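This report refers to the structure that appears directly beneath it.
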Amino acid sequence: MTIRKITEYPNEVLGKTGEPVTKFDAELEALTSDMFDTMYDAEGVGLAAQQIGLSLRLFVMDCEGVKLVAANPEIVSTAGEQSGQEGCLSIGKVPAVLTRAEKVTIRAQDLKGEWFEREAEGYAGRCFLHETDHCNGTLFIDHLPKMRREMVIKRFKKEKKWG
Ligand SMILES: [Zn+2]
């Protein structure tokens with residue numbers, strides 16, 4: 001069990017599009033195992049490679065019964081709308097309300113390199129969008145209006161200083 005250090009805002013890796021995952025080997029399996037350990041330790045529901053400092057299109061999640069590894073994820077379709085709180089382990093879990101699609105289908109490769117499609121609703125659907133965004137160098141605060149984005153960053157910086 002290896003818990004990796006979580007990369008935090010404003011580290012530049014969080015703003016870069018990840019490289020595609022091309023090798024589906026024991027190394028990738030070990031990496032995703034570390035990612036799950038790191039995510040559970042931080043009490044998160046999803047973790048992208050960017051969040052442990054790697055510029056790779058890869059994430060793991062375990063959210064409302066949807067547990068998976070997604071390499072090279074793409075959003076296939078979205079439907080509906082949900083409004084709810086969202087936070088990010090890389091920004092100290094400071095929450096902000098963000099409207100997202102309610103139902104989301106992703107297409108990605110598993111640990112063996114097999115492509116699969118998976119649909120999720122509600123919080124798990126939100127997680128698909130949040131983690132796929134990470135793989136593309138986008139943070140959830142990038143979707144917020146400027147003032148609310150600055151509020152999240154301000155609170156995060158304040159908590160860091162106190163921590
Ligand atoms: Zn995040």
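Identifiers in the structure tokens: chain A, B, ... in order shown; residue index from 1 per chain; ligand index from 1 in order shown.
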
How would you write, as a ChimeraX atom specification, the set of residues in range 17-157 of chain A that DSSP gives as strand (DSSP E)? /A:46-48,58-63,66-79,82-86,96-100,103-109,115-121

Give me the residues of chain A that have any atom at most 8 Å from an atom of ligand 1; for each, the nearest atom pair and the distance in Å, rounded to one decimal. Use only C-alpha atoms and all ligand atoms, sort by chain and number, and format it as a tab-separated table.
```
residue	atom	partner	partner_atom_place_in_ligand_line	distance
A:Gly46	CA	ligand 1	1 (Zn)	7.3
A:Leu47	CA	ligand 1	1 (Zn)	6.6
A:Ala48	CA	ligand 1	1 (Zn)	7.2
A:Gln51	CA	ligand 1	1 (Zn)	7.4
A:Gly87	CA	ligand 1	1 (Zn)	6.8
A:Cys88	CA	ligand 1	1 (Zn)	3.8
A:Leu89	CA	ligand 1	1 (Zn)	5.5
A:Ser90	CA	ligand 1	1 (Zn)	5.9
A:Ile91	CA	ligand 1	1 (Zn)	7.5
A:His130	CA	ligand 1	1 (Zn)	6.2
A:Glu131	CA	ligand 1	1 (Zn)	6.3
A:His134	CA	ligand 1	1 (Zn)	6.5
A:Leu139	CA	ligand 1	1 (Zn)	6.5
A:Phe140	CA	ligand 1	1 (Zn)	6.9
```

Now that the selection is made, can you save its residues with N, CA and C atoms as a JSON list (two decimals), in the first residue's frame?
```json
[["chain", "number", "residue", "atom", "x", "y", "z"],
["A", 46, "GLY", "N", -12.80, 10.06, -6.20],
["A", 46, "GLY", "CA", -12.16, 9.94, -7.50],
["A", 46, "GLY", "C", -10.78, 10.58, -7.43],
["A", 47, "LEU", "N", -9.87, 10.08, -8.25],
["A", 47, "LEU", "CA", -8.52, 10.66, -8.28],
["A", 47, "LEU", "C", -7.94, 10.48, -9.68],
["A", 48, "ALA", "N", -7.44, 11.59, -10.23],
["A", 48, "ALA", "CA", -6.81, 11.53, -11.55],
["A", 48, "ALA", "C", -5.30, 11.53, -11.39],
["A", 51, "GLN", "N", -3.35, 14.42, -10.17],
["A", 51, "GLN", "CA", -3.40, 14.74, -8.75],
["A", 51, "GLN", "C", -2.29, 14.08, -7.94],
["A", 87, "GLY", "N", -16.19, 19.38, -4.85],
["A", 87, "GLY", "CA", -14.92, 19.81, -4.29],
["A", 87, "GLY", "C", -13.83, 18.96, -4.92],
["A", 88, "CYS", "N", -12.58, 19.31, -4.64],
["A", 88, "CYS", "CA", -11.47, 18.61, -5.28],
["A", 88, "CYS", "C", -10.35, 18.41, -4.27],
["A", 89, "LEU", "N", -9.78, 17.20, -4.24],
["A", 89, "LEU", "CA", -8.69, 16.90, -3.30],
["A", 89, "LEU", "C", -7.49, 17.81, -3.53],
["A", 90, "SER", "N", -7.35, 18.31, -4.75],
["A", 90, "SER", "CA", -6.22, 19.19, -5.07],
["A", 90, "SER", "C", -6.46, 20.63, -4.67],
["A", 91, "ILE", "N", -7.69, 20.92, -4.22],
["A", 91, "ILE", "CA", -8.01, 22.28, -3.76],
["A", 91, "ILE", "C", -8.64, 22.17, -2.37],
["A", 130, "HIS", "N", -15.90, 15.37, -13.55],
["A", 130, "HIS", "CA", -14.81, 16.01, -12.79],
["A", 130, "HIS", "C", -13.46, 15.35, -13.12],
["A", 131, "GLU", "N", -13.44, 14.02, -13.12],
["A", 131, "GLU", "CA", -12.16, 13.31, -13.34],
["A", 131, "GLU", "C", -11.72, 13.37, -14.80],
["A", 134, "HIS", "N", -10.01, 16.58, -15.26],
["A", 134, "HIS", "CA", -8.62, 16.55, -14.78],
["A", 134, "HIS", "C", -7.69, 16.04, -15.87],
["A", 139, "LEU", "N", -9.92, 22.12, -14.10],
["A", 139, "LEU", "CA", -10.36, 21.95, -12.71],
["A", 139, "LEU", "C", -11.81, 22.38, -12.59],
["A", 140, "PHE", "N", -12.50, 21.88, -11.56],
["A", 140, "PHE", "CA", -13.92, 22.23, -11.43],
["A", 140, "PHE", "C", -14.11, 23.73, -11.23]]
```

Neighbour list for range 96-104 of chain A as a PyMOL selection string, cut-off 12 Å, only C-alpha atoms, skip fewer than 4 positions in-chain: chain A and resi 74-88+91-92+117-130+132+139-145+147-153+155-156

Could you give me, as a list in words, the residues within 8 Å of range 19-21 of chain A, counting only C-alpha atoms and dropping anything in the same chain fewer than 2 positions from it? Thr17, Lys23, Phe24, Ser55, Leu56, Arg57, Leu58, Ala71 and Asn72 of chain A

Write to file, as a PDB file, in the first residue's frame, the residues of the selection just made, with all heavy atoms.
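Contents of selection-v7.pdb, as written:
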```
ATOM      1  N   THR A  17      -3.079  19.124 -20.433  1.00  0.00           N
ATOM      2  CA  THR A  17      -3.736  17.930 -20.966  1.00  0.00           C
ATOM      3  C   THR A  17      -2.790  16.753 -20.796  1.00  0.00           C
ATOM      4  O   THR A  17      -1.609  16.845 -21.125  1.00  0.00           O
ATOM      5  CB  THR A  17      -4.043  18.113 -22.470  1.00  0.00           C
ATOM      6  OG1 THR A  17      -4.838  19.285 -22.604  1.00  0.00           O
ATOM      7  CG2 THR A  17      -4.798  16.924 -23.034  1.00  0.00           C
ATOM      8  N   LYS A  23       0.546   1.956 -22.406  1.00  0.00           N
ATOM      9  CA  LYS A  23       1.008   0.640 -21.931  1.00  0.00           C
ATOM     10  C   LYS A  23       0.067   0.116 -20.863  1.00  0.00           C
ATOM     11  O   LYS A  23      -0.127   0.751 -19.827  1.00  0.00           O
ATOM     12  CB  LYS A  23       2.423   0.759 -21.358  1.00  0.00           C
ATOM     13  CG  LYS A  23       3.487   0.775 -22.412  1.00  0.00           C
ATOM     14  CD  LYS A  23       4.863   0.671 -21.753  1.00  0.00           C
ATOM     15  CE  LYS A  23       5.970   0.969 -22.745  1.00  0.00           C
ATOM     16  NZ  LYS A  23       7.181   1.428 -22.063  1.00  0.00           N
ATOM     17  N   PHE A  24      -0.495  -1.048 -21.139  1.00  0.00           N
ATOM     18  CA  PHE A  24      -1.425  -1.657 -20.185  1.00  0.00           C
ATOM     19  C   PHE A  24      -0.718  -2.863 -19.566  1.00  0.00           C
ATOM     20  O   PHE A  24      -0.880  -4.002 -19.995  1.00  0.00           O
ATOM     21  CB  PHE A  24      -2.725  -2.023 -20.910  1.00  0.00           C
ATOM     22  CG  PHE A  24      -3.428  -0.790 -21.430  1.00  0.00           C
ATOM     23  CD1 PHE A  24      -3.108  -0.265 -22.682  1.00  0.00           C
ATOM     24  CD2 PHE A  24      -4.359  -0.121 -20.654  1.00  0.00           C
ATOM     25  CE1 PHE A  24      -3.722   0.892 -23.146  1.00  0.00           C
ATOM     26  CE2 PHE A  24      -4.979   1.043 -21.108  1.00  0.00           C
ATOM     27  CZ  PHE A  24      -4.652   1.550 -22.359  1.00  0.00           C
ATOM     28  N   SER A  55       1.231  13.634 -15.695  1.00  0.00           N
ATOM     29  CA  SER A  55       0.435  14.171 -16.790  1.00  0.00           C
ATOM     30  C   SER A  55      -0.011  13.024 -17.705  1.00  0.00           C
ATOM     31  O   SER A  55       0.547  12.778 -18.760  1.00  0.00           O
ATOM     32  CB  SER A  55       1.260  15.199 -17.568  1.00  0.00           C
ATOM     33  OG  SER A  55       0.418  15.923 -18.430  1.00  0.00           O
ATOM     34  N   LEU A  56      -1.030  12.302 -17.226  1.00  0.00           N
ATOM     35  CA  LEU A  56      -1.520  11.111 -17.928  1.00  0.00           C
ATOM     36  C   LEU A  56      -3.039  11.141 -17.984  1.00  0.00           C
ATOM     37  O   LEU A  56      -3.687  11.596 -17.036  1.00  0.00           O
ATOM     38  CB  LEU A  56      -1.151   9.853 -17.127  1.00  0.00           C
ATOM     39  CG  LEU A  56       0.097   9.071 -17.443  1.00  0.00           C
ATOM     40  CD1 LEU A  56       0.156   7.848 -16.529  1.00  0.00           C
ATOM     41  CD2 LEU A  56       0.127   8.637 -18.905  1.00  0.00           C
ATOM     42  N   ARG A  57      -3.606  10.615 -19.067  1.00  0.00           N
ATOM     43  CA  ARG A  57      -5.071  10.571 -19.163  1.00  0.00           C
ATOM     44  C   ARG A  57      -5.577   9.302 -18.446  1.00  0.00           C
ATOM     45  O   ARG A  57      -5.861   8.293 -19.071  1.00  0.00           O
ATOM     46  CB  ARG A  57      -5.516  10.615 -20.627  1.00  0.00           C
ATOM     47  CG  ARG A  57      -5.110  11.924 -21.315  1.00  0.00           C
ATOM     48  CD  ARG A  57      -5.606  12.014 -22.739  1.00  0.00           C
ATOM     49  NE  ARG A  57      -6.982  11.591 -22.886  1.00  0.00           N
ATOM     50  CZ  ARG A  57      -8.047  12.307 -22.547  1.00  0.00           C
ATOM     51  NH1 ARG A  57      -7.894  13.507 -22.036  1.00  0.00           N
ATOM     52  NH2 ARG A  57      -9.242  11.826 -22.724  1.00  0.00           N
ATOM     53  N   LEU A  58      -5.653   9.405 -17.128  1.00  0.00           N
ATOM     54  CA  LEU A  58      -5.976   8.244 -16.302  1.00  0.00           C
ATOM     55  C   LEU A  58      -6.649   8.686 -15.011  1.00  0.00           C
ATOM     56  O   LEU A  58      -6.215   9.648 -14.384  1.00  0.00           O
ATOM     57  CB  LEU A  58      -4.661   7.514 -15.966  1.00  0.00           C
ATOM     58  CG  LEU A  58      -4.733   6.315 -15.031  1.00  0.00           C
ATOM     59  CD1 LEU A  58      -5.400   5.112 -15.723  1.00  0.00           C
ATOM     60  CD2 LEU A  58      -3.320   5.906 -14.577  1.00  0.00           C
ATOM     61  N   ALA A  71      -8.767   4.699 -18.372  1.00  0.00           N
ATOM     62  CA  ALA A  71      -7.623   5.234 -19.106  1.00  0.00           C
ATOM     63  C   ALA A  71      -8.149   5.845 -20.398  1.00  0.00           C
ATOM     64  O   ALA A  71      -9.059   5.294 -21.032  1.00  0.00           O
ATOM     65  CB  ALA A  71      -6.626   4.113 -19.417  1.00  0.00           C
ATOM     66  N   ASN A  72      -7.594   6.974 -20.761  1.00  0.00           N
ATOM     67  CA  ASN A  72      -8.002   7.695 -21.978  1.00  0.00           C
ATOM     68  C   ASN A  72      -9.507   7.943 -22.032  1.00  0.00           C
ATOM     69  O   ASN A  72     -10.155   7.667 -23.056  1.00  0.00           O
ATOM     70  CB  ASN A  72      -7.518   6.936 -23.224  1.00  0.00           C
ATOM     71  CG  ASN A  72      -6.018   6.684 -23.187  1.00  0.00           C
ATOM     72  OD1 ASN A  72      -5.255   7.573 -22.823  1.00  0.00           O
ATOM     73  ND2 ASN A  72      -5.596   5.483 -23.511  1.00  0.00           N
TER      74      ASN A  72
END
```

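Pairwise distance (CA of Met1 in chain A, CA of Gln50 in chain A) equals 19.5 Å.
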
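One finds CA of Glu29 in chain A at 20.6 Å from CA of Gly65 in chain A.
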
I need the alpha helix (DSSP H) residues of range 9-71 of chain A per DSSP on the backbone, written as number ranges by chain. A: 26-41
